[in-house]
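Coordinates from target-v2.txt are shown below (compact mmCIF, C-alpha atoms).
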```txt
# COMPACT_ATOMS: atom_id res chain seq x y z
CA MET P 1212 0.00 0.00 0.00
CA SER P 1213 1.34 3.42 -0.90
CA LYS P 1214 -0.70 5.57 1.46
CA PRO P 1215 -1.06 9.25 0.60
CA ALA P 1216 1.40 11.30 2.68
CA ASP P 1217 0.41 14.35 4.69
CA VAL P 1218 1.34 17.69 3.14
CA THR P 1219 1.42 21.00 5.02
CA ASP P 1220 1.40 24.70 4.16
CA SER P 1221 5.18 24.89 4.37
CA GLU P 1222 5.81 21.91 2.08
CA TRP P 1223 3.10 22.86 -0.41
CA GLU P 1224 5.27 24.53 -3.02
CA LYS P 1225 7.98 21.87 -2.99
CA GLU P 1226 5.75 18.79 -2.91
CA VAL P 1227 2.75 19.89 -4.96
CA LEU P 1228 3.48 22.90 -7.15
CA ASN P 1229 7.01 21.89 -8.15
CA SER P 1230 6.23 18.23 -8.69
CA THR P 1231 7.08 16.93 -12.14
CA ALA P 1232 4.47 14.17 -11.90
CA PRO P 1233 0.75 15.03 -11.60
CA VAL P 1234 -0.44 15.35 -8.00
CA LEU P 1235 -3.77 14.61 -6.32
CA VAL P 1236 -4.45 16.38 -3.01
CA ASP P 1237 -7.25 15.26 -0.72
CA PHE P 1238 -8.44 18.21 1.43
CA TRP P 1239 -9.94 16.74 4.58
CA ALA P 1240 -10.54 17.25 8.31
CA PRO P 1241 -11.00 14.79 11.17
CA TRP P 1242 -14.59 15.94 11.82
CA CYS P 1243 -15.74 15.38 8.23
CA GLY P 1244 -17.71 12.13 7.79
CA PRO P 1245 -17.73 11.95 3.99
CA CYS P 1246 -13.95 12.58 4.01
CA ARG P 1247 -13.56 9.23 5.75
CA MET P 1248 -15.47 7.58 2.89
CA VAL P 1249 -13.23 9.18 0.28
CA ALA P 1250 -9.97 8.27 2.04
CA PRO P 1251 -10.00 4.50 1.27
CA ILE P 1252 -10.83 5.21 -2.39
CA VAL P 1253 -7.92 7.63 -2.63
CA GLU P 1254 -5.69 4.95 -1.07
CA GLU P 1255 -6.76 2.42 -3.71
CA LEU P 1256 -6.03 4.96 -6.45
CA ALA P 1257 -2.63 5.67 -4.89
CA ASP P 1258 -1.86 1.97 -5.38
CA GLU P 1259 -3.18 1.78 -8.92
CA TYR P 1260 -1.40 4.95 -10.04
CA ALA P 1261 1.83 4.38 -8.11
CA GLY P 1262 4.75 5.84 -10.07
CA LYS P 1263 2.45 7.89 -12.31
CA VAL P 1264 0.63 10.25 -9.93
CA ARG P 1265 1.67 11.46 -6.46
CA PHE P 1266 -0.96 11.47 -3.71
CA PHE P 1267 -1.18 13.79 -0.70
CA LYS P 1268 -3.72 14.71 1.93
CA LEU P 1269 -4.01 18.11 3.56
CA ASN P 1270 -5.69 18.66 6.92
CA THR P 1271 -7.71 21.87 6.44
CA ASP P 1272 -7.86 22.58 10.21
CA ASP P 1273 -4.07 22.67 10.48
CA ASN P 1274 -3.26 24.27 7.13
CA MET P 1275 -5.43 27.33 6.82
CA GLU P 1276 -3.14 29.16 4.41
CA THR P 1277 -3.40 26.64 1.59
CA THR P 1278 -7.06 25.98 2.38
CA SER P 1279 -8.00 29.61 1.93
CA LYS P 1280 -5.62 30.13 -1.00
CA TYR P 1281 -7.56 27.54 -2.99
CA GLY P 1282 -10.93 28.83 -1.75
CA ILE P 1283 -11.92 25.53 -0.14
CA ARG P 1284 -15.50 25.96 1.11
CA SER P 1285 -16.53 22.34 1.43
CA ILE P 1286 -14.77 19.06 2.09
CA PRO P 1287 -13.96 16.53 0.90
CA THR P 1288 -12.42 18.40 -2.02
CA LEU P 1289 -9.88 16.70 -4.26
CA ILE P 1290 -7.69 18.80 -6.52
CA VAL P 1291 -5.55 17.37 -9.31
CA PHE P 1292 -2.48 19.41 -10.23
CA LYS P 1293 -0.16 19.17 -13.21
CA GLY P 1294 2.87 21.45 -13.40
CA GLY P 1295 1.50 23.47 -10.49
CA GLN P 1296 -1.76 24.17 -12.33
CA ILE P 1297 -5.21 22.87 -11.38
CA VAL P 1298 -6.39 20.26 -13.88
CA ASP P 1299 -9.55 19.25 -12.04
CA GLN P 1300 -11.37 19.94 -8.79
CA ILE P 1301 -13.82 17.43 -7.31
CA ILE P 1302 -16.10 18.61 -4.51
CA GLY P 1303 -17.98 16.12 -2.33
CA PHE P 1304 -18.11 12.33 -2.38
CA ARG P 1305 -17.91 10.79 -5.87
CA PRO P 1306 -17.55 7.24 -7.07
CA LYS P 1307 -14.09 5.91 -7.90
CA SER P 1308 -14.80 5.90 -11.63
CA ASP P 1309 -15.22 9.70 -11.57
CA LEU P 1310 -11.93 10.15 -9.77
CA LYS P 1311 -10.15 7.91 -12.28
CA ARG P 1312 -11.44 10.07 -15.10
CA SER P 1313 -9.87 13.15 -13.47
CA LEU P 1314 -6.53 11.37 -13.11
CA GLU P 1315 -6.62 10.19 -16.72
CA LYS P 1316 -7.18 13.81 -17.73
CA ALA P 1317 -4.00 14.81 -15.88
CA LEU P 1318 -2.01 11.97 -17.47
CA ALA P 1319 -3.23 12.65 -21.01
CA MET T 918 -23.10 -5.61 -17.51
CA ALA T 919 -23.52 -8.64 -15.33
CA GLU T 920 -26.72 -9.63 -13.59
CA ARG T 921 -26.42 -10.63 -9.94
CA GLU T 922 -29.00 -12.74 -8.11
CA TYR T 923 -30.10 -12.28 -4.51
CA ASP T 924 -33.08 -13.01 -2.29
CA ILE T 925 -33.45 -9.43 -1.11
CA VAL T 926 -32.17 -6.22 -2.65
CA ILE T 927 -32.23 -3.10 -0.49
CA ALA T 928 -32.00 0.17 -2.41
CA GLY T 929 -30.43 2.84 -0.21
CA GLY T 930 -27.89 2.72 2.65
CA GLY T 931 -29.36 5.00 5.32
CA PRO T 932 -30.60 3.77 8.71
CA ALA T 933 -33.72 2.13 7.19
CA GLY T 934 -31.66 0.19 4.65
CA LEU T 935 -28.97 -0.79 7.15
CA ALA T 936 -31.56 -2.08 9.65
CA ALA T 937 -33.40 -4.00 6.92
CA GLY T 938 -30.07 -5.44 5.78
CA LEU T 939 -29.20 -6.64 9.26
CA TYR T 940 -32.51 -8.48 9.67
CA ALA T 941 -32.53 -9.89 6.14
CA ALA T 942 -28.95 -11.16 6.32
CA ARG T 943 -29.39 -12.52 9.82
CA GLY T 944 -32.49 -14.31 8.53
CA ARG T 945 -30.09 -16.14 6.16
CA TYR T 946 -31.30 -14.42 3.03
CA ARG T 947 -28.77 -13.54 0.36
CA THR T 948 -28.94 -9.79 0.76
CA VAL T 949 -27.30 -6.85 -0.98
CA LEU T 950 -27.47 -3.19 -0.04
CA LEU T 951 -27.16 -0.70 -2.91
CA GLU T 952 -25.69 2.70 -2.06
CA LYS T 953 -24.91 5.49 -4.52
CA GLY T 954 -22.74 7.62 -2.23
CA VAL T 955 -22.03 7.51 1.48
CA VAL T 956 -23.48 4.77 3.71
CA GLY T 957 -25.61 6.37 6.42
CA GLY T 958 -27.31 8.82 4.11
CA GLN T 959 -28.32 12.00 5.89
CA ILE T 960 -26.99 10.88 9.29
CA SER T 961 -23.47 10.57 7.92
CA LEU T 962 -23.55 14.38 7.72
CA THR T 963 -24.87 14.82 11.25
CA GLU T 964 -22.30 15.85 13.82
CA LEU T 965 -24.06 14.35 16.83
CA VAL T 966 -27.01 11.98 17.10
CA GLU T 967 -28.36 12.29 20.64
CA ASN T 968 -31.85 10.84 20.25
CA TYR T 969 -31.20 7.24 19.25
CA PRO T 970 -32.26 5.26 22.33
CA GLY T 971 -29.49 3.33 24.03
CA VAL T 972 -26.79 5.53 22.50
CA PRO T 973 -26.43 8.75 24.54
CA SER T 974 -24.38 10.61 21.96
CA VAL T 975 -22.64 9.46 18.80
CA ASN T 976 -21.20 10.95 15.63
CA GLY T 977 -23.65 10.20 12.79
CA PHE T 978 -20.97 8.80 10.50
CA ASP T 979 -19.71 6.47 13.24
CA LEU T 980 -23.23 5.24 13.99
CA ALA T 981 -23.77 4.42 10.31
CA GLN T 982 -20.43 2.61 10.08
CA THR T 983 -21.31 0.55 13.14
CA MET T 984 -24.65 -0.40 11.62
CA LEU T 985 -22.91 -1.32 8.36
CA LYS T 986 -20.32 -3.54 10.06
CA GLN T 987 -23.03 -5.21 12.13
CA ALA T 988 -25.10 -6.05 9.02
CA GLU T 989 -22.02 -7.18 7.04
CA SER T 990 -20.95 -9.44 9.89
CA HIS T 991 -24.19 -11.36 9.31
CA GLY T 992 -23.47 -11.69 5.60
CA MET T 993 -25.01 -8.59 4.01
CA GLU T 994 -23.15 -7.48 0.91
CA THR T 995 -22.77 -3.85 -0.15
CA ALA T 996 -22.59 -2.54 -3.72
CA TYR T 997 -21.73 1.10 -4.45
CA VAL T 998 -24.05 1.70 -7.37
CA GLN T 999 -26.99 3.94 -8.16
CA ALA T 1000 -30.42 2.38 -8.82
CA THR T 1001 -31.82 3.75 -12.07
CA ALA T 1002 -34.91 1.60 -12.72
CA LEU T 1003 -37.05 -1.12 -11.22
CA GLU T 1004 -38.98 -3.70 -13.23
CA ARG T 1005 -40.78 -7.03 -12.91
CA ALA T 1006 -38.81 -10.11 -13.97
CA GLY T 1007 -41.33 -12.97 -13.81
CA PRO T 1008 -42.12 -13.54 -10.14
CA ALA T 1009 -38.99 -11.59 -9.16
CA TRP T 1010 -37.82 -7.99 -9.46
CA ARG T 1011 -34.94 -6.50 -11.39
CA VAL T 1012 -33.16 -3.37 -10.17
CA ARG T 1013 -31.16 -1.68 -12.89
CA THR T 1014 -28.21 0.46 -11.81
CA ASN T 1015 -25.43 2.49 -13.41
CA GLU T 1016 -23.41 -0.76 -13.28
CA ASP T 1017 -24.64 -4.36 -12.77
CA GLY T 1018 -28.29 -5.40 -12.71
CA PHE T 1019 -29.70 -7.05 -9.58
CA LEU T 1020 -32.41 -9.75 -9.48
CA ALA T 1021 -34.30 -10.35 -6.25
CA LYS T 1022 -37.36 -12.09 -4.86
CA ALA T 1023 -38.13 -9.02 -2.79
CA VAL T 1024 -36.97 -5.40 -2.99
CA ILE T 1025 -36.95 -2.92 -0.11
CA LEU T 1026 -36.81 0.72 -1.19
CA THR T 1027 -34.88 2.81 1.33
CA SER T 1028 -33.64 5.54 -0.98
CA GLY T 1029 -34.35 8.29 1.56
CA ALA T 1030 -34.70 11.96 0.93
CA GLU T 1031 -32.44 14.82 0.00
CA TYR T 1032 -32.48 18.55 0.48
CA ASN T 1033 -34.36 20.78 -1.92
CA LYS T 1034 -32.40 23.24 -3.99
CA LEU T 1035 -33.40 26.85 -4.58
CA GLY T 1036 -33.31 26.46 -8.35
CA VAL T 1037 -31.84 29.93 -8.95
CA PRO T 1038 -29.02 31.01 -11.27
CA GLY T 1039 -25.55 30.52 -9.77
CA GLU T 1040 -26.63 27.86 -7.28
CA GLU T 1041 -25.30 24.79 -9.07
CA ARG T 1042 -22.12 26.44 -10.35
CA LEU T 1043 -21.19 27.69 -6.86
CA THR T 1044 -22.10 24.56 -4.89
CA GLY T 1045 -19.07 23.74 -2.73
CA ARG T 1046 -17.78 27.24 -3.49
CA GLY T 1047 -19.91 29.00 -0.92
CA VAL T 1048 -23.28 27.33 -1.58
CA SER T 1049 -23.88 24.55 0.93
CA TYR T 1050 -26.66 22.25 2.11
CA CYS T 1051 -24.81 21.14 5.25
CA ALA T 1052 -23.62 23.61 7.87
CA THR T 1053 -22.04 20.93 10.05
CA CYS T 1054 -19.88 20.00 7.03
CA ASP T 1055 -18.92 23.40 5.72
CA ALA T 1056 -19.48 26.14 8.34
CA ALA T 1057 -15.89 25.90 9.59
CA PHE T 1058 -14.70 27.46 6.33
CA PHE T 1059 -16.50 30.73 7.06
CA LYS T 1060 -14.57 31.83 10.14
CA GLY T 1061 -15.04 35.55 10.75
CA GLN T 1062 -17.20 35.99 7.63
CA GLU T 1063 -20.81 36.85 6.89
CA VAL T 1064 -23.16 34.17 5.60
CA ALA T 1065 -26.86 33.66 4.88
CA VAL T 1066 -29.19 30.83 5.80
CA ILE T 1067 -32.24 30.28 3.62
CA GLY T 1068 -35.38 28.82 5.24
CA GLY T 1069 -37.53 29.09 8.35
CA GLY T 1070 -37.81 25.55 9.70
CA ASP T 1071 -35.93 23.56 12.34
CA SER T 1072 -33.04 22.71 10.03
CA ALA T 1073 -32.53 26.35 9.03
CA LEU T 1074 -32.31 27.54 12.65
CA ASP T 1075 -30.40 24.55 13.96
CA GLU T 1076 -27.74 24.80 11.28
CA GLY T 1077 -27.80 28.60 11.45
CA LEU T 1078 -27.07 28.47 15.18
CA PHE T 1079 -24.26 26.00 14.53
CA THR T 1080 -22.82 28.38 11.93
CA THR T 1081 -22.58 31.24 14.47
CA ARG T 1082 -19.73 29.29 16.09
CA PHE T 1083 -17.62 30.28 13.10
CA ALA T 1084 -19.21 33.14 11.15
CA ASP T 1085 -19.44 36.71 12.47
CA LYS T 1086 -22.95 37.27 11.15
CA VAL T 1087 -25.65 34.86 10.02
CA THR T 1088 -28.61 36.34 8.16
CA VAL T 1089 -31.69 34.12 8.02
CA ILE T 1090 -33.71 34.81 4.90
CA HIS T 1091 -37.27 33.53 4.99
CA ARG T 1092 -40.04 33.89 2.42
CA ARG T 1093 -42.71 34.36 5.11
CA ALA T 1094 -43.15 36.81 8.00
CA GLU T 1095 -42.77 34.17 10.68
CA LEU T 1096 -40.75 31.04 11.31
CA ARG T 1097 -42.03 27.48 11.16
CA ALA T 1098 -39.28 26.19 13.49
CA SER T 1099 -39.95 24.85 16.97
CA ARG T 1100 -40.25 27.33 19.86
CA ILE T 1101 -37.03 26.33 21.57
CA LEU T 1102 -34.99 26.92 18.43
CA GLN T 1103 -36.73 30.25 17.76
CA GLU T 1104 -35.92 31.42 21.30
CA ARG T 1105 -32.27 30.48 20.88
CA ALA T 1106 -32.04 32.10 17.45
CA PHE T 1107 -33.65 35.40 18.51
CA ALA T 1108 -31.39 35.54 21.57
CA ASN T 1109 -28.23 35.05 19.50
CA ALA T 1110 -26.59 38.41 18.75
CA LYS T 1111 -24.93 37.04 15.59
CA MET T 1112 -28.25 36.09 14.00
CA GLN T 1113 -30.32 38.51 11.95
CA PHE T 1114 -33.57 38.01 10.09
CA VAL T 1115 -34.87 39.18 6.73
CA TRP T 1116 -38.58 38.44 6.29
CA ASN T 1117 -40.86 37.96 3.28
CA THR T 1118 -37.84 37.60 1.04
CA VAL T 1119 -36.61 35.12 -1.56
CA VAL T 1120 -33.26 34.64 -3.28
CA THR T 1121 -33.39 35.31 -7.02
CA GLU T 1122 -29.71 34.79 -7.86
CA ILE T 1123 -26.42 33.73 -6.27
CA VAL T 1124 -23.59 35.85 -7.63
CA GLY T 1125 -19.83 35.21 -7.60
CA ASP T 1126 -16.93 34.35 -9.91
CA ASP T 1127 -15.14 31.43 -8.24
CA GLN T 1128 -16.81 31.99 -4.86
CA VAL T 1129 -20.12 33.27 -3.62
CA SER T 1130 -19.95 37.06 -3.18
CA THR T 1131 -23.53 38.38 -3.22
CA LEU T 1132 -27.16 37.29 -3.03
CA ARG T 1133 -29.80 39.01 -5.11
CA LEU T 1134 -33.02 39.20 -3.09
CA ARG T 1135 -36.63 40.13 -3.73
CA ASN T 1136 -39.21 41.07 -1.12
CA VAL T 1137 -42.33 39.07 -2.00
CA VAL T 1138 -44.67 41.67 -0.46
CA SER T 1139 -43.26 44.95 -1.77
CA GLY T 1140 -41.50 43.50 -4.82
CA GLU T 1141 -38.43 45.52 -3.86
CA GLU T 1142 -35.07 44.09 -4.98
CA SER T 1143 -31.87 44.23 -2.96
CA GLU T 1144 -28.42 42.72 -2.64
CA LEU T 1145 -26.69 41.14 0.33
CA PRO T 1146 -22.93 40.60 0.27
CA VAL T 1147 -22.09 37.18 1.80
CA ALA T 1148 -19.26 34.67 1.58
CA GLY T 1149 -21.58 31.71 1.94
CA VAL T 1150 -25.18 30.63 1.67
CA PHE T 1151 -26.66 27.63 3.46
CA VAL T 1152 -29.92 26.34 1.97
CA PHE T 1153 -32.52 24.57 4.16
CA ILE T 1154 -35.85 24.68 2.38
CA GLY T 1155 -37.20 21.21 3.03
CA GLN T 1156 -36.46 17.91 1.34
CA HIS T 1157 -37.91 15.54 -1.23
CA PRO T 1158 -37.87 11.74 -1.40
CA ASN T 1159 -35.51 10.08 -3.88
CA THR T 1160 -38.22 8.42 -5.93
CA GLU T 1161 -37.56 9.92 -9.39
CA PHE T 1162 -36.47 6.50 -10.71
CA LEU T 1163 -39.82 4.95 -9.63
CA LYS T 1164 -42.12 7.47 -11.31
CA GLY T 1165 -45.09 5.89 -13.05
CA MET T 1166 -44.54 2.49 -11.47
CA LEU T 1167 -45.74 3.05 -7.96
CA LYS T 1168 -48.45 4.89 -6.10
CA MET T 1169 -47.03 8.07 -4.58
CA ASP T 1170 -48.44 11.12 -2.84
CA ALA T 1171 -48.10 14.64 -4.27
CA GLY T 1172 -44.69 15.01 -2.60
CA GLY T 1173 -43.37 11.82 -4.25
CA HIS T 1174 -43.50 9.63 -1.13
CA VAL T 1175 -44.32 5.95 -1.65
CA LEU T 1176 -47.61 4.69 -0.18
CA VAL T 1177 -47.27 1.60 2.03
CA ASP T 1178 -49.38 -0.38 4.50
CA ASP T 1179 -48.52 -1.10 8.15
CA TRP T 1180 -46.03 -3.76 6.98
CA MET T 1181 -44.22 -1.30 4.69
CA ALA T 1182 -45.65 -3.22 1.72
CA THR T 1183 -46.54 -1.35 -1.47
CA LYS T 1184 -49.46 -2.48 -3.65
CA LEU T 1185 -46.96 -4.43 -5.78
CA SER T 1186 -46.18 -7.85 -4.35
CA GLY T 1187 -42.61 -8.27 -3.12
CA LEU T 1188 -41.94 -4.55 -3.12
CA PHE T 1189 -41.53 -2.71 0.19
CA ALA T 1190 -40.58 0.85 1.16
CA ALA T 1191 -39.15 2.07 4.47
CA GLY T 1192 -37.86 5.28 6.06
CA ASP T 1193 -37.96 8.82 4.64
CA VAL T 1194 -39.01 7.54 1.24
CA ARG T 1195 -42.47 6.46 2.45
CA GLN T 1196 -45.50 8.58 3.20
CA ASN T 1197 -45.95 9.77 6.80
CA SER T 1198 -42.47 8.92 7.98
CA ALA T 1199 -41.49 10.67 11.21
CA ARG T 1200 -38.03 11.03 9.61
CA GLN T 1201 -35.97 10.04 12.63
CA VAL T 1202 -33.10 7.56 12.83
CA ALA T 1203 -35.12 5.48 15.30
CA THR T 1204 -38.31 5.39 13.22
CA SER T 1205 -36.39 4.64 10.02
CA VAL T 1206 -34.66 1.74 11.74
CA GLY T 1207 -38.08 0.47 12.87
CA ASP T 1208 -39.43 0.79 9.35
CA GLY T 1209 -36.48 -1.11 7.94
CA VAL T 1210 -36.89 -3.94 10.42
CA THR T 1211 -40.63 -4.16 9.70
CA ALA T 1212 -40.00 -4.28 5.96
CA ALA T 1213 -37.36 -7.02 6.34
CA ILE T 1214 -39.72 -9.17 8.42
CA ALA T 1215 -42.50 -8.63 5.89
CA ALA T 1216 -40.12 -9.54 3.06
CA ASP T 1217 -39.17 -12.70 4.96
CA HIS T 1218 -42.85 -13.74 5.19
CA TYR T 1219 -43.45 -12.84 1.57
CA ILE T 1220 -40.53 -14.95 0.31
CA SER T 1221 -41.46 -17.93 2.54
CA ASP T 1222 -45.05 -17.83 1.24
CA ASN T 1223 -44.29 -17.27 -2.43
CA PHE T 1224 -40.99 -18.98 -3.13
CA PRO T 1225 -41.18 -22.45 -1.55
CA ASP T 1226 -37.79 -24.22 -1.73
```
The structure given in the file should be rewritten as structure tokens.
Amino acid sequence: MSKPADVTDSEWEKEVLNSTAPVLVDFWAPWCGPCRMVAPIVEELADEYAGKVRFFKLNTDDNMETTSKYGIRSIPTLIVFKGGQIVDQIIGFRPKSDLKRSLEKALA
Amino acid sequence: MAEREYDIVIAGGGPAGLAAGLYAARGRYRTVLLEKGVVGGQISLTELVENYPGVPSVNGFDLAQTMLKQAESHGMETAYVQATALERAGPAWRVRTNEDGFLAKAVILTSGAEYNKLGVPGEERLTGRGVSYCATCDAAFFKGQEVAVIGGGDSALDEGLFTTRFADKVTVIHRRAELRASRILQERAFANAKMQFVWNTVVTEIVGDDQVSTLRLRNVVSGEESELPVAGVFVFIGQHPNTEFLKGMLKMDAGGHVLVDDWMATKLSGLFAAGDVRQNSARQVATSVGDGVTAAIAADHYISDNFPD
């Protein structure tokens, strides 16, 4: 299992924006029920896309700067980045097939 | 797409469906629960459930997960698919979904209800970008900001009061001149210095580029139009049962609720409905659980009587 690593405000630029591979970031918080449904799906995707896409999760309670920079108003929100740019933004719980489509878009 | 065969298919994974699943699986029926999103339905978005007897206080998501594990430990299967149609297949039923089809001797509809939308320009585009239907989920992102709550019932005040923990100002916008909410919530809301009220007013548009910035309002008495700058808008204007996919097949009331008898049986043999989806539901976790159990027992009797081994 390649579990998504935690990313923080201070590591954001290095890990996410400067990444050469596409990146998926799962914005979550401990109090958010649906976030806990999304997490295992993101873990499965992290396995399936190992080596192709990098996976992170960001705790919105502890990382207010990035959370407000990206205008997060609802979680779970997943954002897919490529070359530091947003390729896709998925708000709320969605089935795995939808998430795969977003990743394929970033890999295309 | 494959077709999968079961004794009992349960369409919807809220408390009614989870309780039905527990009884059906424990009764040694091959049982599958269909869920399109998050198991638990509306309670998975509830911060605290404090009125489920025997459980003093529990997070809604945790309660749903416990119910799911309990049902699965007795053999219930879960499929994350969305039911799209229901049809007769000889003596059995077929549930079509966005993926596999499911054949069953009995079907229990537990598809629940979801919140109504305003249906105004900007609402869909800005959902999750300031438009929300769940304060307990999203209010934390409005720290120190001004937001609006639309509606005048219990949910509107309850969630509005919750939002004052984070927001500086919460404006309740209601289309009538008085609230429908229970007395105790009204007292709390009127006593809260952060809460303000705008009466006889409806939202005509939600404005914002990437984020909600302004609401366009119209006073339904004077016809006067105005604008209210807000960072967020929480919509609580009632709910509707998820019965779109059953239209034309089943008897429903004007609100789209399925009509059932005391055993949760519809007029169609082998088809049951339980929880928020049925007419006259009290819409509580405890009553939905009771409905689900009743439906599972009725389905058990129905299968024993009509499908002798």
At a cut-off of 6 Å, can you tabulate as JSON lines every residue of chain P near chain T together with its closest atom pair and the distance in Å to one decimal, using all atoms listed in the file and ordering rows by chain then number?
```
{"residue": "P:Gly1244", "atom": "CA", "partner": "T:Phe978", "partner_atom": "CA", "distance": 5.4}
{"residue": "P:Arg1284", "atom": "CA", "partner": "T:Arg1046", "partner_atom": "CA", "distance": 5.3}
{"residue": "P:Ser1285", "atom": "CA", "partner": "T:Asp1055", "partner_atom": "CA", "distance": 5.0}
```
So how many Å separate CA of Ile1090 (chain T) and CA of Phe1304 (chain P), to one decimal?
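Spanning CA of Ile1090 (chain T) to CA of Phe1304 (chain P) is a straight-line distance of 28.3 Å.
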Could you give me, as a list of chain:residue names, the residues within 8 Å of Pro1233 (chain P), counting all atoms listed in the file and dropping anything in the same chain fewer than 5 positions from it?
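Surrounding residues, per the criterion: P:Lys1263, P:Val1264, P:Arg1265, P:Val1291, P:Phe1292, P:Lys1293, P:Gly1294, P:Ala1317, P:Leu1318.
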Taking the point (-9.0, 13.2, -1.3) as given in the file, collect each protein or nucleic acid residue that comes within 6 Å of it, counting all atoms listed in the file, and present the set as a PyMOL selection string.
chain P and resi 1236-1238+1253+1289
Find the residues around region 1131-1142 of chain T up to 6 Å (all atoms listed in the file counted), leave out those fewer than 3 positions away in its own chain, and share them as a PyMOL selection string.
chain T and resi 1117-1124+1145-1147
Now that the selection is made, can you save its residues with C-alpha atoms as a tab-separated table (two decimals), in the frame of the given file?
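Result file selection_35.tsv:
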```tsv
chain	number	residue	atom	x	y	z
T	1117	ASN	CA	-40.86	37.96	3.28
T	1118	THR	CA	-37.84	37.60	1.04
T	1119	VAL	CA	-36.61	35.12	-1.56
T	1120	VAL	CA	-33.26	34.64	-3.28
T	1121	THR	CA	-33.39	35.31	-7.02
T	1122	GLU	CA	-29.71	34.79	-7.86
T	1123	ILE	CA	-26.42	33.73	-6.27
T	1124	VAL	CA	-23.59	35.85	-7.63
T	1145	LEU	CA	-26.69	41.14	0.33
T	1146	PRO	CA	-22.93	40.60	0.27
T	1147	VAL	CA	-22.09	37.18	1.80
```
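Near (-33.6, 38.4, 14.4), the residues inside the 12 Å limit, counting only C-alpha atoms, come to Gly1069, Leu1074, Gly1077, Leu1078, Lys1086, Val1087, Thr1088, Val1089, Ile1090, His1091, Ala1094, Glu1095, Leu1096, Gln1103, Glu1104, Arg1105, Ala1106, Phe1107, Ala1108, Asn1109, Ala1110, Lys1111, Met1112, Gln1113, Phe1114, Val1115 and Trp1116 of chain T.
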